[in-house]
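query-v9.tsv follows; it contains TSV, C-alpha atoms and all ligand atoms.
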chain	number	residue	atom	x	y	z
A	83	MET	CA	20.18	5.07	-25.80
A	84	ALA	CA	23.35	7.02	-24.87
A	85	PHE	CA	22.95	5.59	-21.38
A	86	PHE	CA	23.76	2.12	-22.69
A	87	GLN	CA	26.62	3.15	-24.96
A	88	THR	CA	29.03	4.03	-22.16
A	89	LEU	CA	29.87	0.45	-21.16
A	90	GLY	CA	33.59	0.75	-22.00
A	91	LYS	CA	35.75	-0.50	-19.15
A	92	ALA	CA	33.24	0.09	-16.40
A	93	ASN	CA	33.78	-1.66	-13.06
A	94	PRO	CA	31.56	-4.72	-12.35
A	95	ILE	CA	28.91	-2.79	-10.43
A	96	VAL	CA	28.63	-0.04	-13.02
A	97	ARG	CA	28.61	-2.71	-15.76
A	98	ARG	CA	25.76	-4.51	-13.97
A	99	ALA	CA	23.75	-1.29	-13.94
A	100	LEU	CA	24.53	-0.54	-17.56
A	101	GLU	CA	23.62	-4.04	-18.74
A	102	ASP	CA	20.61	-4.59	-16.52
A	103	PRO	CA	17.88	-6.13	-18.74
A	104	ILE	CA	15.01	-4.99	-16.54
A	105	THR	CA	16.13	-1.36	-16.67
A	106	LYS	CA	16.59	-1.65	-20.44
A	107	GLU	CA	13.08	-3.02	-20.77
A	108	ARG	CA	11.66	-0.28	-18.52
A	109	LEU	CA	13.31	2.43	-20.59
A	110	ARG	CA	12.23	0.79	-23.85
A	111	TYR	CA	8.56	0.73	-22.82
A	112	ALA	CA	8.80	3.94	-20.77
A	113	PRO	CA	5.44	3.76	-18.99
A	114	PHE	CA	6.96	4.59	-15.61
A	115	TYR	CA	8.12	7.70	-13.76
A	116	LEU	CA	5.93	9.90	-15.93
A	117	PRO	CA	5.88	13.40	-14.44
A	118	PHE	CA	2.57	15.23	-14.56
A	119	GLU	CA	2.66	18.95	-15.23
A	120	LYS	CA	-0.45	19.63	-13.22
A	121	GLN	CA	-3.14	17.91	-11.14
A	122	LYS	CA	-6.59	19.00	-10.10
A	123	GLY	CA	-9.24	16.78	-8.57
A	124	SER	CA	-9.46	13.50	-10.47
A	125	ARG	CA	-7.51	14.94	-13.42
A	126	VAL	CA	-3.80	15.01	-14.27
A	127	TRP	CA	-1.97	16.61	-17.20
A	128	LEU	CA	0.75	14.76	-19.11
A	129	ASN	CA	2.49	16.32	-22.12
A	130	GLY	CA	-0.28	18.91	-22.19
A	131	HIS	CA	-3.08	16.29	-22.27
A	132	GLU	CA	-5.72	16.23	-19.57
A	133	MET	CA	-6.50	12.75	-18.25
A	134	VAL	CA	-8.61	11.00	-15.65
A	135	MET	CA	-6.36	9.54	-12.95
A	136	LEU	CA	-7.51	5.96	-12.48
A	137	ALA	CA	-4.54	4.49	-10.65
A	138	SER	CA	-4.08	6.59	-7.55
A	139	ASN	CA	-4.27	5.09	-4.08
A	140	GLU	CA	-6.06	8.23	-3.01
A	141	TYR	CA	-9.16	6.18	-2.29
A	142	LEU	CA	-11.15	8.86	-0.48
A	143	GLY	CA	-10.03	11.76	-2.67
A	144	LEU	CA	-9.05	13.97	0.25
A	145	SER	CA	-5.77	15.54	-0.86
A	146	GLU	CA	-7.41	18.86	-1.80
A	147	HIS	CA	-9.91	18.90	1.06
A	148	PRO	CA	-9.88	22.45	2.46
A	149	LYS	CA	-9.58	21.25	6.06
A	150	ILE	CA	-6.55	19.10	5.23
A	151	ILE	CA	-4.85	21.90	3.30
A	152	GLU	CA	-5.53	24.30	6.16
A	153	ALA	CA	-4.18	21.86	8.79
A	154	GLY	CA	-1.04	21.19	6.73
A	155	LYS	CA	-0.35	24.90	6.23
A	156	LYS	CA	-0.92	25.67	9.90
A	157	ALA	CA	1.51	22.94	11.01
A	158	PHE	CA	4.03	24.12	8.42
A	159	ASP	CA	3.82	27.67	9.82
A	160	GLN	CA	4.03	26.45	13.38
A	161	TRP	CA	6.81	23.83	13.06
A	162	GLY	CA	8.69	24.63	9.87
A	163	SER	CA	9.70	22.24	7.11
A	164	SER	CA	11.30	19.31	8.91
A	165	THR	CA	11.87	17.54	12.20
A	166	THR	CA	15.56	17.10	11.28
A	167	GLY	CA	15.93	14.18	13.64
A	168	ALA	CA	14.68	10.83	14.83
A	169	ARG	CA	11.85	10.54	17.33
A	170	ILE	CA	14.20	9.08	19.94
A	171	SER	CA	16.42	12.17	19.91
A	172	ASN	CA	15.37	15.64	18.73
A	173	GLY	CA	12.61	14.71	16.26
A	174	SER	CA	9.56	14.25	18.53
A	175	ARG	CA	6.82	16.86	18.58
A	176	ALA	CA	3.52	17.08	20.43
A	177	CYS	CA	1.69	16.46	17.14
A	178	HIS	CA	3.37	13.03	16.81
A	179	VAL	CA	2.03	11.88	20.15
A	180	GLU	CA	-1.38	13.27	19.26
A	181	ILE	CA	-1.65	11.40	15.96
A	182	GLU	CA	-0.33	8.18	17.50
A	183	GLN	CA	-3.06	8.24	20.11
A	184	LYS	CA	-5.64	9.03	17.46
A	185	VAL	CA	-4.59	6.21	15.11
A	186	ALA	CA	-4.40	3.70	17.98
A	187	GLN	CA	-7.87	4.62	19.16
A	188	PHE	CA	-9.29	4.56	15.62
A	189	LEU	CA	-7.94	1.05	15.06
A	190	GLY	CA	-8.90	-0.23	18.50
A	191	LYS	CA	-5.31	-0.77	19.64
A	192	GLU	CA	-3.57	0.47	22.79
A	193	ASP	CA	-0.67	2.26	21.17
A	194	CYS	CA	0.84	3.15	17.82
A	195	HIS	CA	4.15	4.38	16.46
A	196	VAL	CA	4.26	6.67	13.45
A	197	SER	CA	7.11	6.96	10.93
A	198	SER	CA	7.83	8.96	7.79
A	199	ALA	CA	6.73	6.21	5.35
A	200	GLY	CA	4.43	3.22	5.25
A	201	TYR	CA	7.32	1.20	3.83
A	202	ILE	CA	9.46	1.94	6.89
A	203	SER	CA	6.61	1.12	9.28
A	204	CYS	CA	5.69	-2.18	7.63
A	205	MET	CA	9.32	-3.20	7.26
A	206	SER	CA	9.98	-2.46	10.93
A	207	ALA	CA	6.88	-4.41	12.00
A	208	LEU	CA	8.68	-7.61	10.99
A	209	ALA	CA	12.34	-6.62	11.31
A	210	THR	CA	11.79	-5.59	14.93
A	211	PHE	CA	9.76	-8.47	16.30
A	212	ALA	CA	11.40	-11.40	14.48
A	213	GLN	CA	14.93	-12.58	15.10
A	214	ARG	CA	17.30	-15.43	14.28
A	215	GLY	CA	15.81	-18.77	15.35
A	216	ASP	CA	12.22	-17.61	14.80
A	217	LEU	CA	10.04	-18.75	11.93
A	218	ILE	CA	8.08	-16.32	9.75
A	219	LEU	CA	5.18	-17.78	7.78
A	220	ALA	CA	4.38	-15.33	5.03
A	221	ASP	CA	1.69	-15.25	2.35
A	222	LYS	CA	3.45	-15.53	-1.05
A	223	ASN	CA	2.02	-12.20	-2.23
A	224	ILE	CA	2.87	-9.92	0.72
A	225	HIS	CA	4.07	-6.41	-0.03
A	226	SER	CA	7.74	-5.68	-0.59
A	227	SER	CA	7.95	-3.76	2.71
A	228	LEU	CA	7.15	-6.92	4.69
A	229	VAL	CA	9.51	-8.98	2.53
A	230	THR	CA	12.35	-6.56	3.23
A	231	GLY	CA	11.52	-6.59	6.95
A	232	MET	CA	11.50	-10.35	7.24
A	233	ARG	CA	14.76	-10.72	5.33
A	234	LEU	CA	16.40	-8.19	7.64
A	235	SER	CA	15.27	-10.12	10.69
A	236	ASP	CA	17.42	-13.25	10.04
A	237	ALA	CA	14.44	-15.42	10.94
A	238	ARG	CA	13.74	-18.57	8.91
A	239	ILE	CA	11.08	-17.90	6.26
A	240	GLU	CA	8.36	-20.18	4.88
A	241	ARG	CA	5.93	-18.86	2.26
A	242	PHE	CA	2.39	-20.24	2.08
A	243	ILE	CA	0.18	-20.18	-1.01
A	244	HIS	CA	-1.55	-16.82	-1.39
A	245	ASN	CA	-4.75	-16.59	0.67
A	246	ASN	CA	-4.62	-20.32	1.41
A	247	PRO	CA	-4.99	-21.10	5.14
A	248	GLY	CA	-4.96	-24.84	4.32
A	249	ASP	CA	-1.43	-24.59	2.98
A	250	LEU	CA	-0.40	-22.54	6.02
A	251	GLN	CA	-1.82	-25.21	8.30
A	252	GLU	CA	0.14	-27.94	6.52
A	253	ILE	CA	3.37	-26.03	7.15
A	254	LEU	CA	2.46	-25.26	10.77
A	255	ALA	CA	1.69	-28.90	11.48
A	256	THR	CA	5.27	-29.89	10.64
A	257	GLU	CA	6.96	-27.28	12.84
A	258	LYS	CA	8.15	-27.74	16.42
A	259	PRO	CA	5.70	-26.22	18.94
A	260	GLU	CA	8.51	-24.46	20.82
A	261	THR	CA	9.67	-22.44	17.78
A	262	ALA	CA	8.62	-18.77	18.02
A	263	LYS	CA	6.40	-18.18	14.96
A	264	ILE	CA	5.00	-15.16	13.18
A	265	ILE	CA	2.23	-15.29	10.57
A	266	THR	CA	2.28	-12.30	8.25
A	267	PHE	CA	-0.09	-11.15	5.53
A	268	ASP	CA	-1.60	-8.05	3.90
A	269	GLY	CA	-5.16	-7.01	4.79
A	270	ILE	CA	-5.78	-6.07	1.16
A	271	TYR	CA	-3.34	-7.17	-1.55
A	272	SER	CA	-2.72	-4.02	-3.55
A	273	MET	CA	-2.06	-5.61	-6.95
A	274	GLU	CA	-4.76	-8.26	-6.75
A	275	GLY	CA	-7.39	-6.34	-4.76
A	276	HIS	CA	-7.88	-9.50	-2.67
A	277	LEU	CA	-8.97	-9.44	0.95
A	278	ALA	CA	-7.02	-11.73	3.29
A	279	PRO	CA	-9.03	-14.54	4.95
A	280	VAL	CA	-8.24	-12.99	8.32
A	281	PRO	CA	-10.60	-15.07	10.54
A	282	GLU	CA	-9.02	-18.32	9.30
A	283	LEU	CA	-5.48	-16.97	9.63
A	284	VAL	CA	-5.97	-15.75	13.20
A	285	GLN	CA	-7.65	-19.03	14.13
A	286	LEU	CA	-4.52	-20.87	12.98
A	287	ALA	CA	-2.40	-18.37	14.88
A	288	LYS	CA	-4.32	-19.23	18.04
A	289	THR	CA	-4.12	-22.99	17.46
A	290	TYR	CA	-0.36	-22.91	16.82
A	291	ASP	CA	0.51	-20.08	19.23
A	292	CYS	CA	1.74	-17.65	16.56
A	293	PHE	CA	2.29	-13.89	16.65
A	294	THR	CA	0.48	-12.05	13.83
A	295	VAL	CA	1.55	-9.06	11.72
A	296	MET	CA	-0.84	-7.55	9.15
A	297	ASP	CA	0.06	-4.82	6.65
A	298	ASP	CA	-3.21	-2.94	6.17
A	299	ALA	CA	-1.93	-0.09	4.00
A	300	HIS	CA	-4.86	-0.52	1.59
A	301	GLY	CA	-7.52	-1.49	4.12
A	302	PHE	CA	-6.97	1.46	6.44
A	303	GLY	CA	-9.60	4.10	5.63
A	304	VAL	CA	-11.31	1.76	3.16
A	305	MET	CA	-12.58	-1.37	4.94
A	306	GLY	CA	-14.81	-1.74	7.98
A	307	PRO	CA	-17.05	0.77	9.74
A	308	GLN	CA	-15.79	4.35	9.08
A	309	GLY	CA	-12.77	2.81	7.34
A	310	ARG	CA	-11.31	1.38	10.53
A	311	GLY	CA	-9.55	-1.27	8.48
A	312	THR	CA	-9.59	-4.91	7.51
A	313	ALA	CA	-9.39	-6.17	11.11
A	314	ALA	CA	-12.46	-4.11	12.03
A	315	HIS	CA	-14.23	-5.37	8.88
A	316	TYR	CA	-13.86	-8.93	10.18
A	317	GLY	CA	-14.24	-8.07	13.88
A	318	CYS	CA	-10.73	-9.51	14.46
A	319	THR	CA	-8.86	-6.50	15.83
A	320	ASP	CA	-7.98	-8.13	19.17
A	321	ASP	CA	-6.68	-11.24	17.42
A	322	ILE	CA	-3.98	-9.45	15.43
A	323	ASP	CA	-0.87	-8.50	17.41
A	324	ILE	CA	0.48	-5.88	15.04
A	325	ILE	CA	-1.33	-3.82	12.39
A	326	SER	CA	0.90	-1.66	10.21
A	327	GLY	CA	-0.08	0.68	7.41
A	328	SER	CA	0.36	3.86	5.50
A	329	PHE	CA	-0.98	7.42	5.46
A	330	SER	CA	-0.26	7.71	1.73
A	331	LYS	CA	-3.40	5.97	0.50
A	332	ALA	CA	-6.87	6.75	1.94
A	333	LEU	CA	-5.49	9.48	4.20
A	334	SER	CA	-3.92	11.45	1.32
A	335	SER	CA	-0.76	12.24	3.27
A	336	ILE	CA	2.57	10.48	3.69
A	337	GLY	CA	3.89	8.41	6.58
A	338	GLY	CA	3.15	5.08	8.22
A	339	PHE	CA	2.21	3.43	11.48
A	340	VAL	CA	2.66	0.29	13.55
A	341	ALA	CA	-0.14	-0.33	16.06
A	342	GLY	CA	-0.44	-2.90	18.84
A	343	SER	CA	-0.43	-3.29	22.60
A	344	LYS	CA	1.51	-0.76	24.67
A	345	PRO	CA	4.34	-3.19	25.60
A	346	LEU	CA	4.81	-4.23	21.95
A	347	ILE	CA	4.99	-0.65	20.70
A	348	GLU	CA	7.40	0.35	23.49
A	349	TYR	CA	9.55	-2.65	22.49
A	350	LEU	CA	9.49	-1.37	18.90
A	351	ARG	CA	10.55	2.11	20.07
A	352	THR	CA	13.54	0.49	21.79
A	353	HIS	CA	14.61	-1.92	19.07
A	354	SER	CA	13.46	-0.75	15.64
A	355	LYS	CA	16.49	0.47	13.67
A	356	GLN	CA	14.11	2.07	11.18
A	357	THR	CA	12.68	4.13	14.05
A	358	ILE	CA	15.85	4.95	15.95
A	359	PHE	CA	17.95	5.94	12.95
A	360	SER	CA	15.46	7.71	10.70
A	361	ALA	CA	14.01	11.22	10.98
A	362	ALA	CA	10.42	11.66	12.12
A	363	ILE	CA	7.49	12.44	9.83
A	364	THR	CA	7.11	16.19	9.27
A	365	PRO	CA	4.49	17.91	11.46
A	366	SER	CA	2.67	19.15	8.33
A	367	GLN	CA	2.23	15.58	6.98
A	368	ALA	CA	1.20	14.37	10.42
A	369	ALA	CA	-1.36	17.18	10.60
A	370	CYS	CA	-2.76	16.27	7.17
A	371	ALA	CA	-3.10	12.61	8.18
A	372	SER	CA	-4.63	13.56	11.51
A	373	THR	CA	-7.24	15.78	9.84
A	374	ALA	CA	-8.04	13.05	7.31
A	375	LEU	CA	-8.67	10.70	10.21
A	376	ASP	CA	-11.15	13.21	11.67
A	377	LEU	CA	-12.86	13.48	8.27
A	378	LEU	CA	-13.30	9.71	8.05
A	379	GLN	CA	-15.46	9.98	11.12
A	380	SER	CA	-17.26	13.29	10.43
A	381	GLU	CA	-17.83	12.98	6.65
A	382	PRO	CA	-18.92	9.41	5.81
A	383	GLU	CA	-19.87	10.46	2.28
A	384	HIS	CA	-16.31	9.95	0.98
A	385	LEU	CA	-16.25	6.27	1.94
A	386	GLU	CA	-19.77	5.78	0.58
A	387	ARG	CA	-18.81	7.32	-2.77
A	388	LEU	CA	-15.65	5.20	-2.92
A	389	TRP	CA	-17.65	1.98	-2.68
A	390	LYS	CA	-20.31	3.25	-5.09
A	391	ASN	CA	-17.58	4.02	-7.62
A	392	THR	CA	-15.92	0.66	-6.95
A	393	ARG	CA	-19.16	-1.15	-7.86
A	394	ARG	CA	-19.51	0.99	-10.97
A	395	MET	CA	-16.00	0.11	-12.14
A	396	LYS	CA	-16.52	-3.60	-11.45
A	397	ASP	CA	-19.78	-3.51	-13.44
A	398	LEU	CA	-17.99	-1.91	-16.37
A	399	PHE	CA	-15.12	-4.42	-16.33
A	400	ASN	CA	-17.56	-7.33	-16.02
A	401	ARG	CA	-19.61	-6.01	-18.93
A	402	LEU	CA	-16.44	-5.86	-21.04
A	403	LYS	CA	-15.51	-9.38	-19.84
A	404	LEU	CA	-12.20	-8.15	-18.47
A	405	ASN	CA	-10.41	-10.32	-15.92
A	406	THR	CA	-10.23	-8.51	-12.55
A	407	TRP	CA	-8.49	-11.41	-10.73
A	408	GLY	CA	-11.38	-11.73	-8.27
A	409	SER	CA	-10.73	-8.29	-6.74
A	410	GLU	CA	-13.13	-7.54	-3.89
A	411	THR	CA	-11.88	-4.04	-3.12
A	412	PRO	CA	-11.29	-0.61	-4.76
A	413	ALA	CA	-7.85	-1.83	-5.92
A	414	ILE	CA	-8.87	-3.41	-9.22
A	415	PRO	CA	-6.44	-5.10	-11.61
A	416	VAL	CA	-7.28	-5.82	-15.20
A	417	VAL	CA	-5.22	-8.89	-16.00
A	418	ILE	CA	-4.10	-8.97	-19.63
A	419	GLY	CA	-1.56	-11.79	-19.34
A	420	ASN	CA	1.47	-10.76	-21.38
A	421	LEU	CA	3.67	-7.70	-21.52
A	422	GLU	CA	3.08	-6.71	-25.15
A	423	SER	CA	-0.72	-6.79	-24.90
A	424	ALA	CA	-0.74	-5.15	-21.48
A	425	PHE	CA	1.43	-2.34	-22.83
A	426	ARG	CA	-0.87	-1.87	-25.85
A	427	PHE	CA	-3.92	-1.81	-23.57
A	428	TRP	CA	-2.27	0.73	-21.27
A	429	LYS	CA	-1.36	2.94	-24.25
A	430	ALA	CA	-4.86	2.74	-25.69
A	431	LEU	CA	-6.27	3.97	-22.38
A	432	LEU	CA	-3.74	6.79	-22.32
A	433	GLU	CA	-4.69	7.78	-25.86
A	434	LYS	CA	-8.33	8.05	-24.75
A	435	GLY	CA	-7.52	10.15	-21.69
A	436	VAL	CA	-7.26	7.62	-18.85
A	437	PHE	CA	-4.11	7.18	-16.80
A	438	THR	CA	-3.52	3.71	-15.31
A	439	VAL	CA	-0.44	1.84	-14.14
A	440	LEU	CA	1.14	-0.96	-16.12
A	441	SER	CA	2.30	-3.73	-13.82
A	442	VAL	CA	4.33	-6.50	-15.32
A	443	SER	CA	6.44	-9.46	-14.26
A	444	PRO	CA	8.50	-9.62	-12.00
A	445	ALA	CA	6.25	-7.17	-10.04
A	446	VAL	CA	3.39	-9.63	-10.71
A	447	PRO	CA	3.61	-13.41	-11.32
A	448	PRO	CA	4.43	-14.47	-14.90
A	449	GLY	CA	1.31	-14.50	-17.06
A	450	LYS	CA	-0.42	-11.95	-14.83
A	451	ASP	CA	0.81	-8.78	-16.56
A	452	LEU	CA	-1.89	-6.29	-15.75
A	453	ILE	CA	-3.31	-2.80	-15.77
A	454	ARG	CA	-3.65	-1.62	-12.20
A	455	THR	CA	-6.63	0.62	-11.59
A	456	ALA	CA	-8.12	2.01	-8.41
A	457	ALA	CA	-11.51	3.50	-7.73
A	458	SER	CA	-11.64	6.75	-5.82
A	459	ALA	CA	-14.36	8.79	-4.18
A	460	ARG	CA	-13.17	11.57	-6.50
A	461	HIS	CA	-14.44	10.03	-9.73
A	462	THR	CA	-17.46	11.86	-11.14
A	463	ASP	CA	-20.13	10.91	-13.69
A	464	GLU	CA	-18.16	12.86	-16.28
A	465	ASP	CA	-15.00	10.88	-15.41
A	466	PHE	CA	-16.95	7.63	-15.80
A	467	GLU	CA	-18.05	8.59	-19.31
A	468	ILE	CA	-14.37	8.97	-20.26
A	469	ILE	CA	-13.37	5.79	-18.39
A	470	GLU	CA	-16.09	3.72	-20.07
A	471	ALA	CA	-15.26	4.94	-23.58
A	472	ALA	CA	-11.52	4.36	-23.00
A	473	PHE	CA	-11.93	0.80	-21.73
A	474	GLU	CA	-14.36	-0.07	-24.52
A	475	TYR	CA	-11.77	1.16	-27.02
A	476	ALA	CA	-8.81	-0.61	-25.34
A	477	ALA	CA	-10.77	-3.88	-24.98
A	478	SER	CA	-11.71	-3.76	-28.67
A	479	GLN	CA	-7.98	-3.63	-29.55
A	480	LEU	CA	-7.15	-6.84	-27.61
A	501	LIG	C1	0.61	-3.06	0.95
A	501	LIG	C2	1.54	-1.88	1.09
A	501	LIG	N1	2.28	-1.77	2.20
A	501	LIG	C3	3.11	-0.74	2.38
A	501	LIG	C4	3.27	0.23	1.42
A	501	LIG	C5	4.23	1.35	1.64
A	501	LIG	O1	3.57	2.53	1.92
A	501	LIG	P1	4.19	3.96	1.57
A	501	LIG	O2	4.01	4.18	0.10
A	501	LIG	O3	3.40	4.89	2.41
A	501	LIG	O4	5.63	3.94	1.95
A	501	LIG	C6	2.53	0.15	0.25
A	501	LIG	C7	2.69	1.17	-0.82
A	501	LIG	O5	2.61	0.95	-1.96
A	501	LIG	C8	1.65	-0.94	0.07
A	501	LIG	O6	0.93	-1.08	-1.05
As structure tokens, how would this structure be written, given the file I've shared?
Ligand SMILES: Cc1ncc(COP(=O)(O)O)c(C=O)c1O
Amino acid sequence: MAFFQTLGKANPIVRRALEDPITKERLRYAPFYLPFEKQKGSRVWLNGHEMVMLASNEYLGLSEHPKIIEAGKKAFDQWGSSTTGARISNGSRACHVEIEQKVAQFLGKEDCHVSSAGYISCMSALATFAQRGDLILADKNIHSSLVTGMRLSDARIERFIHNNPGDLQEILATEKPETAKIITFDGIYSMEGHLAPVPELVQLAKTYDCFTVMDDAHGFGVMGPQGRGTAAHYGCTDDIDIISGSFSKALSSIGGFVAGSKPLIEYLRTHSKQTIFSAAITPSQAACASTALDLLQSEPEHLERLWKNTRRMKDLFNRLKLNTWGSETPAIPVVIGNLESAFRFWKALLEKGVFTVLSVSPAVPPGKDLIRTAASARHTDEDFEIIEAAFEYAASQL
């Protein structure tokens, strides 16, 4: 409370921060920024209580895989703690080139550029290729990284109804053919768990001569054969100009990528401010991501377990008649509908030893306040016993 009692004669910016209603609400409910004291496997410890982690994007459960730990340590010993520079200047290392080739090949693209965060990569995928005078047609629910990128670009922006190619077509039909156009969407929508209707979107891109940018942060490592992503799932890889994504989900590392044809990626290396003026991913994180990529291909059991656990969670939520917003993927929301009830549901789960993420408006549309859960290959039968009991309890309190 002391935080809000220092208003006094603060300048307008400080006053704005002190009076901000969203921050006040966040601090009142306090479900965010909770620091765990310990983590092991699928479990985390908060205030001394052991809990099942049910909201991590670590879909394949690889962050403690011995080969990944070994690769990270080896790179750390070999290269030290940081690149201390951008790729264009002193920050490039042989391991960067190696992982870029690997990711490109895995996705079925010619080239790829890696950065220190998925957010940076996805943002740069739009900020680099779009410019003033262009038109960006964006699904209404795209991730914040794409939104930031398109706003930076100075291009005109039109939003189409989420996952609605018909609405996109109506907008396209009214635009001048000579305008340079980009269609942008997520492969998997992380809050909703929805898959994008990629075949329909790329068909419209062909008809109306549009460039396409897909953020596949949640599809990479999860969808398609061996986890090659949402484009591979649909057999549409060649029809998407740019695929961007993250190493911080299925690959259990940190960093991001932009993949496409060689000329497009070289153009990005010339023009992307996020690339030119930001230090490169550390060799140890690149090594972890690179080893995870190898594991996707040599140990298919992780992906198989992820989908088995996804089905098990969906069955549970269906049995309890919980609203999962039509999720088709391991990112599974439980829509509660209002902040107070969602908060109570989240707390009930916590009480029973399950950690989830509360996601409320404005992060989700009004009336869609939800509990964000994610299945992982890590979850065991014992975890599921705890998860089932916790959701039964929380649902009974609704
Ligand atoms: C769809 C999507 N794109 C991009 C990102 C950014 O990735 P990172 O966390 O690796 O910066 C996220 C992360 O939440 C995401 O969900």
- Item | Shell around Phe188 of chain A at 9 Å using only C-alpha atoms, local window under 3 positions removed, as a PyMOL selection string | chain A and resi 183-185+191+310+375
Enclose segment 176-183 of chain A, meaning all of its atoms listed in the file, in a box aligned along x, y and z, pad it by 5 Å on each side, and list the centre and edge lengths in Å to one decimal, as lines of an AutoDock Vina configuration file.
center_x = 0.2
center_y = 12.6
center_z = 18.2
size_x = 16.6
size_y = 18.9
size_z = 14.5
- Please give me, as a ChimeraX atom specification, the residues lying within 9 Å of ligand LIG 501 (chain A) when counting all atoms listed in the file. /A:139,198-205,224-228,268-273,297-301,326-331,335-338
- Near Ser441 of chain A, within 8 Å and counting only C-alpha atoms, which residues show up once chain neighbours fewer than 3 positions away are dropped, as a PyMOL selection string? chain A and resi 445-446+451-454
Could you save those same residues with C-alpha atoms as a PDB file, in the coordinates of the input?
ATOM      1  CA  ALA A 445       6.250  -7.170 -10.040  1.00  0.00           C
ATOM      2  CA  VAL A 446       3.390  -9.630 -10.710  1.00  0.00           C
ATOM      3  CA  ASP A 451       0.810  -8.780 -16.560  1.00  0.00           C
ATOM      4  CA  LEU A 452      -1.890  -6.290 -15.750  1.00  0.00           C
ATOM      5  CA  ILE A 453      -3.310  -2.800 -15.770  1.00  0.00           C
ATOM      6  CA  ARG A 454      -3.650  -1.620 -12.200  1.00  0.00           C
TER       7      ARG A 454
END
- Query: For Phe466 of chain A, which of A:Leu385, A:Cys177, A:Ala237, A:Val436 is the closest residue, counting all atoms listed in the file?
  - Reply: A:Val436
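Atom pair atom CA of Lys396 of chain A / atom CA of Ser409 of chain A: separated by 8.8 Å.
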Fewer than 3 positions away in the same chain doesn't count, so skip those; otherwise give me all residues within 9 Å of Phe211 of chain A, counting all atoms listed in the file, as a PDB file with C-alpha atoms, keeping the file's coordinate frame.
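Saved result, out.pdb, follows:
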ATOM      1  CA  SER A 206       9.980  -2.460  10.930  1.00  0.00           C
ATOM      2  CA  ALA A 207       6.880  -4.410  12.000  1.00  0.00           C
ATOM      3  CA  LEU A 208       8.680  -7.610  10.990  1.00  0.00           C
ATOM      4  CA  SER A 235      15.270 -10.120  10.690  1.00  0.00           C
ATOM      5  CA  ILE A 264       5.000 -15.160  13.180  1.00  0.00           C
ATOM      6  CA  LEU A 346       4.810  -4.230  21.950  1.00  0.00           C
ATOM      7  CA  TYR A 349       9.550  -2.650  22.490  1.00  0.00           C
ATOM      8  CA  LEU A 350       9.490  -1.370  18.900  1.00  0.00           C
ATOM      9  CA  HIS A 353      14.610  -1.920  19.070  1.00  0.00           C
ATOM     10  CA  SER A 354      13.460  -0.750  15.640  1.00  0.00           C
TER      11      SER A 354
END
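Using all atoms listed in the file, the smallest distance between any of A:Ile170, A:Ala137, A:Ala413, A:Ile363 and Trp428 of chain A comes from A:Ala137.
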Please rebuild segment 174-185 of chain A with N, CA and C atoms and return the result as a tab-separated table (two decimals), in the coordinates of the input.
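rebuild_24.tsv, written as the output of this step:
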chain	number	residue	atom	x	y	z
A	174	SER	N	10.95	14.39	18.04
A	174	SER	CA	9.56	14.25	18.53
A	174	SER	C	8.87	15.58	18.74
A	175	ARG	N	7.63	15.66	18.37
A	175	ARG	CA	6.82	16.86	18.58
A	175	ARG	C	5.49	16.43	19.20
A	176	ALA	N	4.81	17.39	19.81
A	176	ALA	CA	3.52	17.08	20.43
A	176	ALA	C	2.55	16.47	19.41
A	177	CYS	N	2.63	16.95	18.15
A	177	CYS	CA	1.69	16.46	17.14
A	177	CYS	C	1.90	14.96	16.84
A	178	HIS	N	3.12	14.46	17.04
A	178	HIS	CA	3.37	13.03	16.81
A	178	HIS	C	2.61	12.18	17.84
A	179	VAL	N	2.70	12.62	19.07
A	179	VAL	CA	2.03	11.88	20.15
A	179	VAL	C	0.51	11.92	19.92
A	180	GLU	N	0.06	13.10	19.49
A	180	GLU	CA	-1.38	13.27	19.26
A	180	GLU	C	-1.88	12.32	18.16
A	181	ILE	N	-1.17	12.27	17.06
A	181	ILE	CA	-1.65	11.40	15.96
A	181	ILE	C	-1.50	9.92	16.33
A	182	GLU	N	-0.48	9.59	17.10
A	182	GLU	CA	-0.33	8.18	17.50
A	182	GLU	C	-1.50	7.73	18.36
A	183	GLN	N	-1.91	8.61	19.26
A	183	GLN	CA	-3.06	8.24	20.11
A	183	GLN	C	-4.32	8.11	19.27
A	184	LYS	N	-4.45	9.04	18.32
A	184	LYS	CA	-5.64	9.03	17.46
A	184	LYS	C	-5.72	7.76	16.61
A	185	VAL	N	-4.59	7.40	15.98
A	185	VAL	CA	-4.59	6.21	15.11
A	185	VAL	C	-4.86	4.96	15.95
